[in-house]
>>> print(open('structure_22.pdb').read())   # PDB, C-alpha atoms
ATOM      1  CA  ASP I 547      -7.474  18.200   3.840  1.00  0.00           C
ATOM      2  CA  THR I 548      -6.216  15.894   6.582  1.00  0.00           C
ATOM      3  CA  GLY I 549      -5.689  12.847   4.397  1.00  0.00           C
ATOM      4  CA  VAL I 550      -7.492   9.528   4.153  1.00  0.00           C
ATOM      5  CA  SER I 551      -9.572   8.623   7.195  1.00  0.00           C
ATOM      6  CA  GLN I 552     -11.037   5.274   8.190  1.00  0.00           C
ATOM      7  CA  ASN I 553     -13.625   4.328  10.774  1.00  0.00           C
ATOM      8  CA  PRO I 554     -13.708   2.534  13.048  1.00  0.00           C
ATOM      9  CA  ARG I 555     -10.023   2.067  13.856  1.00  0.00           C
ATOM     10  CA  HIS I 556     -10.704  -1.182  15.672  1.00  0.00           C
ATOM     11  CA  LYS I 557     -13.570  -3.662  15.483  1.00  0.00           C
ATOM     12  CA  ILE I 558     -14.072  -6.847  17.455  1.00  0.00           C
ATOM     13  CA  THR I 559     -16.898  -9.068  16.316  1.00  0.00           C
ATOM     14  CA  LYS I 560     -18.130 -12.591  16.827  1.00  0.00           C
ATOM     15  CA  ARG I 561     -17.921 -15.124  14.045  1.00  0.00           C
ATOM     16  CA  GLY I 562     -20.975 -15.012  11.844  1.00  0.00           C
ATOM     17  CA  GLN I 563     -21.731 -11.327  12.403  1.00  0.00           C
ATOM     18  CA  ASN I 564     -21.685  -8.703   9.663  1.00  0.00           C
ATOM     19  CA  VAL I 565     -19.324  -5.713   9.842  1.00  0.00           C
ATOM     20  CA  THR I 566     -19.023  -2.513   7.819  1.00  0.00           C
ATOM     21  CA  PHE I 567     -16.044  -0.198   7.529  1.00  0.00           C
ATOM     22  CA  ARG I 568     -15.952   3.311   6.136  1.00  0.00           C
ATOM     23  CA  CYS I 569     -13.251   5.147   4.222  1.00  0.00           C
ATOM     24  CA  ASP I 570     -13.152   8.872   3.445  1.00  0.00           C
ATOM     25  CA  PRO I 571     -10.555   9.579   0.756  1.00  0.00           C
ATOM     26  CA  ILE I 572      -8.701  12.800   0.009  1.00  0.00           C
ATOM     27  CA  SER I 573     -11.431  14.996  -1.473  1.00  0.00           C
ATOM     28  CA  GLU I 574      -9.937  15.652  -4.888  1.00  0.00           C
ATOM     29  CA  HIS I 575      -8.941  12.021  -5.475  1.00  0.00           C
ATOM     30  CA  ASN I 576     -11.343  10.085  -7.703  1.00  0.00           C
ATOM     31  CA  ARG I 577      -9.660   6.686  -7.252  1.00  0.00           C
ATOM     32  CA  LEU I 578     -10.189   4.671  -4.100  1.00  0.00           C
ATOM     33  CA  TYR I 579      -8.636   1.316  -3.173  1.00  0.00           C
ATOM     34  CA  TRP I 580      -9.178  -1.318  -0.490  1.00  0.00           C
ATOM     35  CA  TYR I 581      -6.420  -3.611   0.743  1.00  0.00           C
ATOM     36  CA  ARG I 582      -6.163  -6.261   3.446  1.00  0.00           C
ATOM     37  CA  GLN I 583      -3.072  -6.907   5.532  1.00  0.00           C
ATOM     38  CA  THR I 584      -2.430  -9.856   7.821  1.00  0.00           C
ATOM     39  CA  LEU I 585       0.336 -10.039  10.390  1.00  0.00           C
ATOM     40  CA  GLY I 586       3.805 -10.173   8.871  1.00  0.00           C
ATOM     41  CA  GLN I 587       2.587  -9.754   5.316  1.00  0.00           C
ATOM     42  CA  GLY I 588       2.430  -6.813   2.961  1.00  0.00           C
ATOM     43  CA  PRO I 589      -0.970  -5.361   2.047  1.00  0.00           C
ATOM     44  CA  GLU I 590      -3.011  -7.350  -0.508  1.00  0.00           C
ATOM     45  CA  PHE I 591      -5.197  -5.563  -3.039  1.00  0.00           C
ATOM     46  CA  LEU I 592      -8.937  -6.227  -2.778  1.00  0.00           C
ATOM     47  CA  THR I 593     -10.784  -3.774  -5.027  1.00  0.00           C
ATOM     48  CA  TYR I 594     -10.713  -0.323  -6.587  1.00  0.00           C
ATOM     49  CA  PHE I 595     -13.154   2.405  -7.604  1.00  0.00           C
ATOM     50  CA  GLN I 596     -12.913   5.199 -10.079  1.00  0.00           C
ATOM     51  CA  ASN I 597     -15.558   7.654  -8.933  1.00  0.00           C
ATOM     52  CA  GLU I 598     -18.582   5.468  -8.121  1.00  0.00           C
ATOM     53  CA  ALA I 599     -17.662   2.643 -10.501  1.00  0.00           C
ATOM     54  CA  GLN I 600     -16.027  -0.475  -9.081  1.00  0.00           C
ATOM     55  CA  LEU I 601     -13.548  -1.322 -11.831  1.00  0.00           C
ATOM     56  CA  GLU I 602     -11.429  -4.109 -10.425  1.00  0.00           C
ATOM     57  CA  LYS I 603     -11.862  -6.902  -7.908  1.00  0.00           C
ATOM     58  CA  SER I 604      -9.220  -9.295  -6.659  1.00  0.00           C
ATOM     59  CA  ARG I 605     -10.050 -12.983  -6.373  1.00  0.00           C
ATOM     60  CA  LEU I 606      -9.421 -12.458  -2.639  1.00  0.00           C
ATOM     61  CA  LEU I 607     -12.749 -10.615  -2.540  1.00  0.00           C
ATOM     62  CA  SER I 608     -15.080 -13.516  -1.816  1.00  0.00           C
ATOM     63  CA  ASP I 609     -18.851 -13.220  -2.218  1.00  0.00           C
ATOM     64  CA  ARG I 610     -19.110 -12.388   1.498  1.00  0.00           C
ATOM     65  CA  PHE I 611     -17.335  -9.100   0.805  1.00  0.00           C
ATOM     66  CA  SER I 612     -19.004  -6.141  -0.853  1.00  0.00           C
ATOM     67  CA  ALA I 613     -17.749  -2.617  -1.395  1.00  0.00           C
ATOM     68  CA  GLU I 614     -19.616   0.479  -2.458  1.00  0.00           C
ATOM     69  CA  ARG I 615     -18.849   4.084  -3.264  1.00  0.00           C
ATOM     70  CA  PRO I 616     -22.342   5.464  -3.887  1.00  0.00           C
ATOM     71  CA  LYS I 617     -21.599   9.072  -4.721  1.00  0.00           C
ATOM     72  CA  GLY I 618     -17.977   8.800  -5.671  1.00  0.00           C
ATOM     73  CA  SER I 619     -16.856  10.155  -2.337  1.00  0.00           C
ATOM     74  CA  PHE I 620     -16.660   7.902   0.755  1.00  0.00           C
ATOM     75  CA  SER I 621     -16.648   4.124   0.439  1.00  0.00           C
ATOM     76  CA  THR I 622     -17.850   1.259   2.600  1.00  0.00           C
ATOM     77  CA  LEU I 623     -16.562  -2.299   2.808  1.00  0.00           C
ATOM     78  CA  GLU I 624     -18.961  -4.855   4.265  1.00  0.00           C
ATOM     79  CA  ILE I 625     -18.085  -8.371   5.325  1.00  0.00           C
ATOM     80  CA  GLN I 626     -21.018 -10.714   5.845  1.00  0.00           C
ATOM     81  CA  ARG I 627     -20.942 -13.826   8.042  1.00  0.00           C
ATOM     82  CA  THR I 628     -17.456 -13.067   9.310  1.00  0.00           C
ATOM     83  CA  GLU I 629     -14.973 -15.897   9.777  1.00  0.00           C
ATOM     84  CA  GLN I 630     -11.851 -16.012  11.944  1.00  0.00           C
ATOM     85  CA  GLY I 631      -9.747 -15.881   8.789  1.00  0.00           C
ATOM     86  CA  ASP I 632     -11.142 -12.411   8.105  1.00  0.00           C
ATOM     87  CA  SER I 633      -9.165 -11.040  11.042  1.00  0.00           C
ATOM     88  CA  ALA I 634      -6.787  -8.521   9.499  1.00  0.00           C
ATOM     89  CA  MET I 635      -6.058  -4.847   9.003  1.00  0.00           C
ATOM     90  CA  TYR I 636      -8.254  -3.348   6.273  1.00  0.00           C
ATOM     91  CA  LEU I 637      -6.566  -0.426   4.554  1.00  0.00           C
ATOM     92  CA  CYS I 638      -8.068   2.189   2.284  1.00  0.00           C
ATOM     93  CA  ALA I 639      -6.095   4.374  -0.112  1.00  0.00           C
ATOM     94  CA  SER I 640      -6.879   7.064  -2.653  1.00  0.00           C
ATOM     95  CA  SER I 641      -5.058   8.573  -5.596  1.00  0.00           C
ATOM     96  CA  ASP I 642      -5.208  11.266  -8.191  1.00  0.00           C
ATOM     97  CA  PRO I 643      -6.030   9.877 -11.657  1.00  0.00           C
ATOM     98  CA  THR I 644      -2.795  11.216 -13.110  1.00  0.00           C
ATOM     99  CA  GLU I 645      -0.664   9.441 -10.492  1.00  0.00           C
ATOM    100  CA  ARG I 646      -2.585   6.248  -9.829  1.00  0.00           C
ATOM    101  CA  TYR I 647       0.298   4.381  -8.257  1.00  0.00           C
ATOM    102  CA  GLU I 648       1.078   7.239  -5.848  1.00  0.00           C
ATOM    103  CA  GLN I 649      -1.529   6.104  -3.382  1.00  0.00           C
ATOM    104  CA  TYR I 650      -2.262   7.755  -0.036  1.00  0.00           C
ATOM    105  CA  PHE I 651      -3.250   5.302   2.654  1.00  0.00           C
ATOM    106  CA  GLY I 652      -5.430   5.702   5.701  1.00  0.00           C
ATOM    107  CA  PRO I 653      -4.532   4.310   9.138  1.00  0.00           C
ATOM    108  CA  GLY I 654      -6.583   1.165   8.606  1.00  0.00           C
ATOM    109  CA  THR I 655      -9.338  -0.653  10.484  1.00  0.00           C
ATOM    110  CA  ARG I 656      -8.161  -3.619  12.542  1.00  0.00           C
ATOM    111  CA  LEU I 657     -10.768  -6.391  12.561  1.00  0.00           C
ATOM    112  CA  THR I 658     -10.672  -9.180  15.113  1.00  0.00           C
ATOM    113  CA  VAL I 659     -13.145 -12.022  14.690  1.00  0.00           C
ATOM    114  CA  THR I 660     -13.590 -14.136  17.826  1.00  0.00           C
TER     115      THR I 660
ATOM    116  CA  ASP E  71       4.110  -7.133 -13.056  1.00  0.00           C
ATOM    117  CA  ALA E  72       7.764  -8.017 -12.485  1.00  0.00           C
ATOM    118  CA  LYS E  73       8.586  -9.620  -9.152  1.00  0.00           C
ATOM    119  CA  THR E  74      10.973  -8.021  -6.670  1.00  0.00           C
ATOM    120  CA  THR E  75      13.431  -9.443  -4.159  1.00  0.00           C
ATOM    121  CA  GLN E  76      14.434  -7.549  -1.028  1.00  0.00           C
ATOM    122  CA  PRO E  77      16.412  -8.500   2.077  1.00  0.00           C
ATOM    123  CA  THR E  78      14.190  -9.404   4.995  1.00  0.00           C
ATOM    124  CA  SER E  79      15.820  -6.983   7.406  1.00  0.00           C
ATOM    125  CA  MET E  80      18.616  -4.443   7.733  1.00  0.00           C
ATOM    126  CA  ASP E  81      20.143  -2.337  10.473  1.00  0.00           C
ATOM    127  CA  CYS E  82      21.545   1.162  10.128  1.00  0.00           C
ATOM    128  CA  ALA E  83      23.043   3.576  12.645  1.00  0.00           C
ATOM    129  CA  GLU E  84      21.218   6.812  13.278  1.00  0.00           C
ATOM    130  CA  GLY E  85      22.672   9.660  11.229  1.00  0.00           C
ATOM    131  CA  ARG E  86      24.127   7.345   8.620  1.00  0.00           C
ATOM    132  CA  ALA E  87      22.828   6.762   5.107  1.00  0.00           C
ATOM    133  CA  ALA E  88      20.519   3.775   4.825  1.00  0.00           C
ATOM    134  CA  ASN E  89      20.825   1.947   1.515  1.00  0.00           C
ATOM    135  CA  LEU E  90      17.996  -0.468   0.763  1.00  0.00           C
ATOM    136  CA  PRO E  91      18.493  -2.759  -2.246  1.00  0.00           C
ATOM    137  CA  CYS E  92      15.845  -4.263  -4.489  1.00  0.00           C
ATOM    138  CA  ASN E  93      16.279  -6.781  -7.255  1.00  0.00           C
ATOM    139  CA  HIS E  94      13.818  -6.721 -10.175  1.00  0.00           C
ATOM    140  CA  SER E  95      15.687  -8.653 -12.840  1.00  0.00           C
ATOM    141  CA  THR E  96      12.580  -9.375 -14.953  1.00  0.00           C
ATOM    142  CA  ILE E  97      11.462  -5.748 -15.217  1.00  0.00           C
ATOM    143  CA  SER E  98      10.298  -4.650 -18.657  1.00  0.00           C
ATOM    144  CA  GLY E  99      10.873  -1.345 -20.411  1.00  0.00           C
ATOM    145  CA  ASN E 100       7.580   0.295 -19.443  1.00  0.00           C
ATOM    146  CA  GLU E 101       7.534  -0.753 -15.803  1.00  0.00           C
ATOM    147  CA  TYR E 102       8.289   1.717 -13.040  1.00  0.00           C
ATOM    148  CA  VAL E 103       9.914   1.102  -9.671  1.00  0.00           C
ATOM    149  CA  TYR E 104       7.946   2.464  -6.705  1.00  0.00           C
ATOM    150  CA  TRP E 105       8.984   2.561  -3.076  1.00  0.00           C
ATOM    151  CA  TYR E 106       6.649   2.704  -0.103  1.00  0.00           C
ATOM    152  CA  ARG E 107       7.267   2.362   3.607  1.00  0.00           C
ATOM    153  CA  GLN E 108       5.047   1.333   6.496  1.00  0.00           C
ATOM    154  CA  ILE E 109       5.765   2.524   9.994  1.00  0.00           C
ATOM    155  CA  HIS E 110       4.374   0.279  12.724  1.00  0.00           C
ATOM    156  CA  SER E 111       0.584   0.601  13.146  1.00  0.00           C
ATOM    157  CA  GLN E 112       0.256   3.018  10.225  1.00  0.00           C
ATOM    158  CA  GLY E 113      -0.802   2.678   6.612  1.00  0.00           C
ATOM    159  CA  PRO E 114       1.870   2.552   3.891  1.00  0.00           C
ATOM    160  CA  GLN E 115       3.405   5.831   2.768  1.00  0.00           C
ATOM    161  CA  TYR E 116       4.572   6.622  -0.751  1.00  0.00           C
ATOM    162  CA  ILE E 117       8.268   7.581  -0.921  1.00  0.00           C
ATOM    163  CA  ILE E 118       9.497   7.861  -4.500  1.00  0.00           C
ATOM    164  CA  HIS E 119       9.357   6.258  -7.931  1.00  0.00           C
ATOM    165  CA  GLY E 120      11.417   6.109 -11.119  1.00  0.00           C
ATOM    166  CA  LEU E 121      11.674   4.588 -14.566  1.00  0.00           C
ATOM    167  CA  LYS E 122      15.347   4.630 -15.505  1.00  0.00           C
ATOM    168  CA  ASN E 123      16.862   7.885 -14.302  1.00  0.00           C
ATOM    169  CA  ASN E 124      17.928   8.457 -10.734  1.00  0.00           C
ATOM    170  CA  GLU E 125      15.386  10.424  -8.725  1.00  0.00           C
ATOM    171  CA  THR E 126      15.579  12.514  -5.561  1.00  0.00           C
ATOM    172  CA  ASN E 127      12.937  14.143  -3.412  1.00  0.00           C
ATOM    173  CA  GLU E 128      12.751  15.492   0.109  1.00  0.00           C
ATOM    174  CA  MET E 129      12.483  12.011   1.578  1.00  0.00           C
ATOM    175  CA  ALA E 130      14.959   9.890  -0.342  1.00  0.00           C
ATOM    176  CA  SER E 131      16.980   9.158  -3.458  1.00  0.00           C
ATOM    177  CA  LEU E 132      16.375   6.315  -5.870  1.00  0.00           C
ATOM    178  CA  ILE E 133      19.259   4.875  -7.842  1.00  0.00           C
ATOM    179  CA  ILE E 134      18.333   2.532 -10.714  1.00  0.00           C
ATOM    180  CA  THR E 135      21.074   0.538 -12.417  1.00  0.00           C
ATOM    181  CA  GLU E 136      21.646   1.069 -16.115  1.00  0.00           C
ATOM    182  CA  ASP E 137      20.228  -2.362 -16.986  1.00  0.00           C
ATOM    183  CA  ARG E 138      17.258  -1.580 -14.686  1.00  0.00           C
ATOM    184  CA  LYS E 139      17.531  -4.985 -13.022  1.00  0.00           C
ATOM    185  CA  SER E 140      18.053  -3.546  -9.570  1.00  0.00           C
ATOM    186  CA  SER E 141      17.622  -0.353  -7.605  1.00  0.00           C
ATOM    187  CA  THR E 142      18.648   1.166  -4.279  1.00  0.00           C
ATOM    188  CA  LEU E 143      16.623   3.461  -2.062  1.00  0.00           C
ATOM    189  CA  ILE E 144      18.830   5.830  -0.096  1.00  0.00           C
ATOM    190  CA  LEU E 145      17.767   7.620   3.073  1.00  0.00           C
ATOM    191  CA  PRO E 146      20.654  10.074   3.397  1.00  0.00           C
ATOM    192  CA  HIS E 147      20.607  10.726   7.145  1.00  0.00           C
ATOM    193  CA  ALA E 148      18.536   8.061   8.838  1.00  0.00           C
ATOM    194  CA  THR E 149      16.656   8.920  12.027  1.00  0.00           C
ATOM    195  CA  LEU E 150      14.872   6.667  14.502  1.00  0.00           C
ATOM    196  CA  ARG E 151      11.581   7.634  12.841  1.00  0.00           C
ATOM    197  CA  ASP E 152      12.770   5.928   9.652  1.00  0.00           C
ATOM    198  CA  THR E 153      12.417   2.514  11.327  1.00  0.00           C
ATOM    199  CA  ALA E 154       9.787   0.837   9.141  1.00  0.00           C
ATOM    200  CA  VAL E 155       9.123  -1.856   6.551  1.00  0.00           C
ATOM    201  CA  TYR E 156      10.184  -0.656   3.101  1.00  0.00           C
ATOM    202  CA  TYR E 157       8.482  -2.075   0.017  1.00  0.00           C
ATOM    203  CA  CYS E 158       9.886  -2.036  -3.521  1.00  0.00           C
ATOM    204  CA  ILE E 159       7.102  -2.465  -6.104  1.00  0.00           C
ATOM    205  CA  VAL E 160       7.284  -2.700  -9.882  1.00  0.00           C
ATOM    206  CA  VAL E 161       4.235  -1.451 -11.775  1.00  0.00           C
ATOM    207  CA  TYR E 162       3.240  -1.368 -15.428  1.00  0.00           C
ATOM    208  CA  SER E 163       2.609   2.139 -16.683  1.00  0.00           C
ATOM    209  CA  GLY E 164       0.532   1.239 -19.714  1.00  0.00           C
ATOM    210  CA  GLY E 165      -2.796   0.507 -18.069  1.00  0.00           C
ATOM    211  CA  GLY E 166      -4.259  -2.617 -16.560  1.00  0.00           C
ATOM    212  CA  ALA E 167      -4.356  -3.429 -12.882  1.00  0.00           C
ATOM    213  CA  ASP E 168      -4.314  -0.450 -10.542  1.00  0.00           C
ATOM    214  CA  GLY E 169      -3.798  -2.355  -7.336  1.00  0.00           C
ATOM    215  CA  LEU E 170      -0.293  -2.394  -5.918  1.00  0.00           C
ATOM    216  CA  THR E 171       1.351  -5.771  -5.282  1.00  0.00           C
ATOM    217  CA  PHE E 172       3.298  -5.564  -2.042  1.00  0.00           C
ATOM    218  CA  GLY E 173       5.795  -8.247  -1.095  1.00  0.00           C
ATOM    219  CA  LYS E 174       7.125  -8.693   2.427  1.00  0.00           C
ATOM    220  CA  GLY E 175       9.545  -5.767   2.160  1.00  0.00           C
ATOM    221  CA  THR E 176      12.671  -4.987   4.156  1.00  0.00           C
ATOM    222  CA  HIS E 177      12.357  -4.265   7.854  1.00  0.00           C
ATOM    223  CA  LEU E 178      14.797  -1.403   8.412  1.00  0.00           C
ATOM    224  CA  ILE E 179      15.825  -0.832  12.012  1.00  0.00           C
ATOM    225  CA  ILE E 180      17.628   2.405  12.812  1.00  0.00           C
ATOM    226  CA  GLN E 181      19.881   1.944  15.828  1.00  0.00           C
ATOM    227  CA  PRO E 182      20.561   4.883  18.183  1.00  0.00           C
TER     228      PRO E 182
END
>>> encode(input="structure_22.pdb", output="structure tokens")
Amino acid sequence: DTGVSQNPRHKITKRGQNVTFRCDPISEHNRLYWYRQTLGQGPEFLTYFQNEAQLEKSRLLSDRFSAERPKGSFSTLEIQRTEQGDSAMYLCASSDPTERYEQYFGPGTRLTVT
Amino acid sequence: DAKTTQPTSMDCAEGRAANLPCNHSTISGNEYVYWYRQIHSQGPQYIIHGLKNNETNEMASLIITEDRKSSTLILPHATLRDTAVYYCIVVYSGGGADGLTFGKGTHLIIQP
């Protein structure tokens, strides 16, 4: 297994457009996390899945954001009606259930909203 | 989760030991200390964690004071590739939130 992968690595979109990012976790990990990171700040937690169930959502996850993990494998994060404030790095991580804080991160998707 | 305080930045000479401090004076008995680092343009990377005993792995050593109010991450022989932002995170082991709370971390610069 090559680790957590994310696609695309970079996305430029115009304000008001919808965007979708994909995350493929480490195959034997059943927990999957999404974070957002803006310049100069540490990552901020957005949401987490255990298998296909979304168990936790941060208040940062506005109603324009939706995440899915339909078969408990890959996950998608969609942002509707993007705003300039959504420009950030979106990071995905996965973990084994016995070591939930030992999270393995992907390289991230950098979103720029113009 | 207990809050942590870390210096904004530190320098260390290549080949020397890098000692990164973290203050977590409000930590409770069932909270662990985790360390991650983030190299420029990459996702964070797990380094090590501990509860109250000192820990060592292939990447680093973690020294936790007896009162558990502070800890030090030690990179024994720093290389240029260790230049990164290092995050100290305190997490509760007894359930609850699974998301990690990152602060701003310490930007460690290894000088040649």
>>> resolve_selection(input="structure_22.pdb", expression="the PyMOL selection byres ((chain E) within 8 of (chain I))", output="list in words")
Ser111, Gln112, Gly113, Pro114, Gln115, Tyr116, Val161, Ala167, Asp168, Gly169, Leu170, Thr171, Phe172, Gly173, Lys174 and Gly175 of chain E
>>> closest_residue(input="structure_22.pdb", among="E:Ala87, E:Ala154, E:Ile144, E:Leu132", to="Leu178 in chain E", atoms="only C-alpha atoms")
E:Ala154
>>> residues_around(input="structure_22.pdb", residues="Asp137 in chain E", least_positions_apart="2", cutoff="12 Å", atoms="only C-alpha atoms", output="list in words")
Asn93, His94, Ser95, Thr96, Ile97, Ser98, Gly99, Leu121, Lys122, Asn123, Ile133, Ile134, Thr135, Lys139, Ser140 and Ser141 of chain E
>>> resolve_selection(input="structure_22.pdb", expression="the PyMOL selection byres ((chain I and resi 620) around 12)", output="ChimeraX atom specification")
/I:550-553,567-580,595-598,613-619,621-623,638-640
>>> residues_around(input="structure_22.pdb", residues="Tyr104 in chain E", least_positions_apart="5", cutoff="7 Å", atoms="all atoms listed in the file", output="list in words")
Ile118, His119, Gly120, Cys158, Ile159 and Val160 of chain E
>>> closest_residue(input="structure_22.pdb", among="I:Thr584, I:Ser612, I:Gln626, I:Thr548", to="Gln600 in chain I", atoms="only C-alpha atoms")
I:Ser612
>>> axis_aligned_box(input="structure_22.pdb", around="range 632-641 of chain I", padding_each_side="3 Å", output="AutoDock Vina command-line options")
--center_x -8.1 --center_y -1.9 --center_z 2.7 --size_x 12.1 --size_y 27.0 --size_z 22.6
>>> atom_distance(input="structure_22.pdb", atom1="CA of Tyr106 in chain E", atom2="CA of Asp81 in chain E")
17.9 Å
>>> atom_distance(input="structure_22.pdb", atom1="CA of Gly631 in chain I", atom2="CA of Gly562 in chain I")
11.7 Å
>>> residues_around(input="structure_22.pdb", residues="Arg151 in chain E", least_positions_apart="2", cutoff="9 Å", atoms="only C-alpha atoms", output="list in words")
Ile109, Ala148, Thr149, Thr153, Ala154 and Ile180 of chain E
>>> atom_distance(input="structure_22.pdb", atom1="CA of Val155 in chain E", atom2="CA of Leu657 in chain I")
21.3 Å
>>> resolve_selection(input="structure_22.pdb", expression="the PyMOL selection byres ((chain E and resi 131) around 9)", output="PDB file with C-alpha atoms, keeping the file's coordinate frame")
ATOM      1  CA  ILE E 118       9.497   7.861  -4.500  1.00  0.00           C
ATOM      2  CA  ASN E 124      17.928   8.457 -10.734  1.00  0.00           C
ATOM      3  CA  GLU E 125      15.386  10.424  -8.725  1.00  0.00           C
ATOM      4  CA  THR E 126      15.579  12.514  -5.561  1.00  0.00           C
ATOM      5  CA  ASN E 127      12.937  14.143  -3.412  1.00  0.00           C
ATOM      6  CA  GLU E 128      12.751  15.492   0.109  1.00  0.00           C
ATOM      7  CA  MET E 129      12.483  12.011   1.578  1.00  0.00           C
ATOM      8  CA  ALA E 130      14.959   9.890  -0.342  1.00  0.00           C
ATOM      9  CA  LEU E 132      16.375   6.315  -5.870  1.00  0.00           C
ATOM     10  CA  ILE E 133      19.259   4.875  -7.842  1.00  0.00           C
ATOM     11  CA  THR E 142      18.648   1.166  -4.279  1.00  0.00           C
ATOM     12  CA  LEU E 143      16.623   3.461  -2.062  1.00  0.00           C
ATOM     13  CA  ILE E 144      18.830   5.830  -0.096  1.00  0.00           C
ATOM     14  CA  LEU E 145      17.767   7.620   3.073  1.00  0.00           C
ATOM     15  CA  PRO E 146      20.654  10.074   3.397  1.00  0.00           C
TER      16      PRO E 146
END
>>> closest_residue(input="structure_22.pdb", among="E:Thr74, E:Gln108, E:Ser79, E:Asn100", to="Asp152 in chain E", atoms="only C-alpha atoms")
E:Gln108
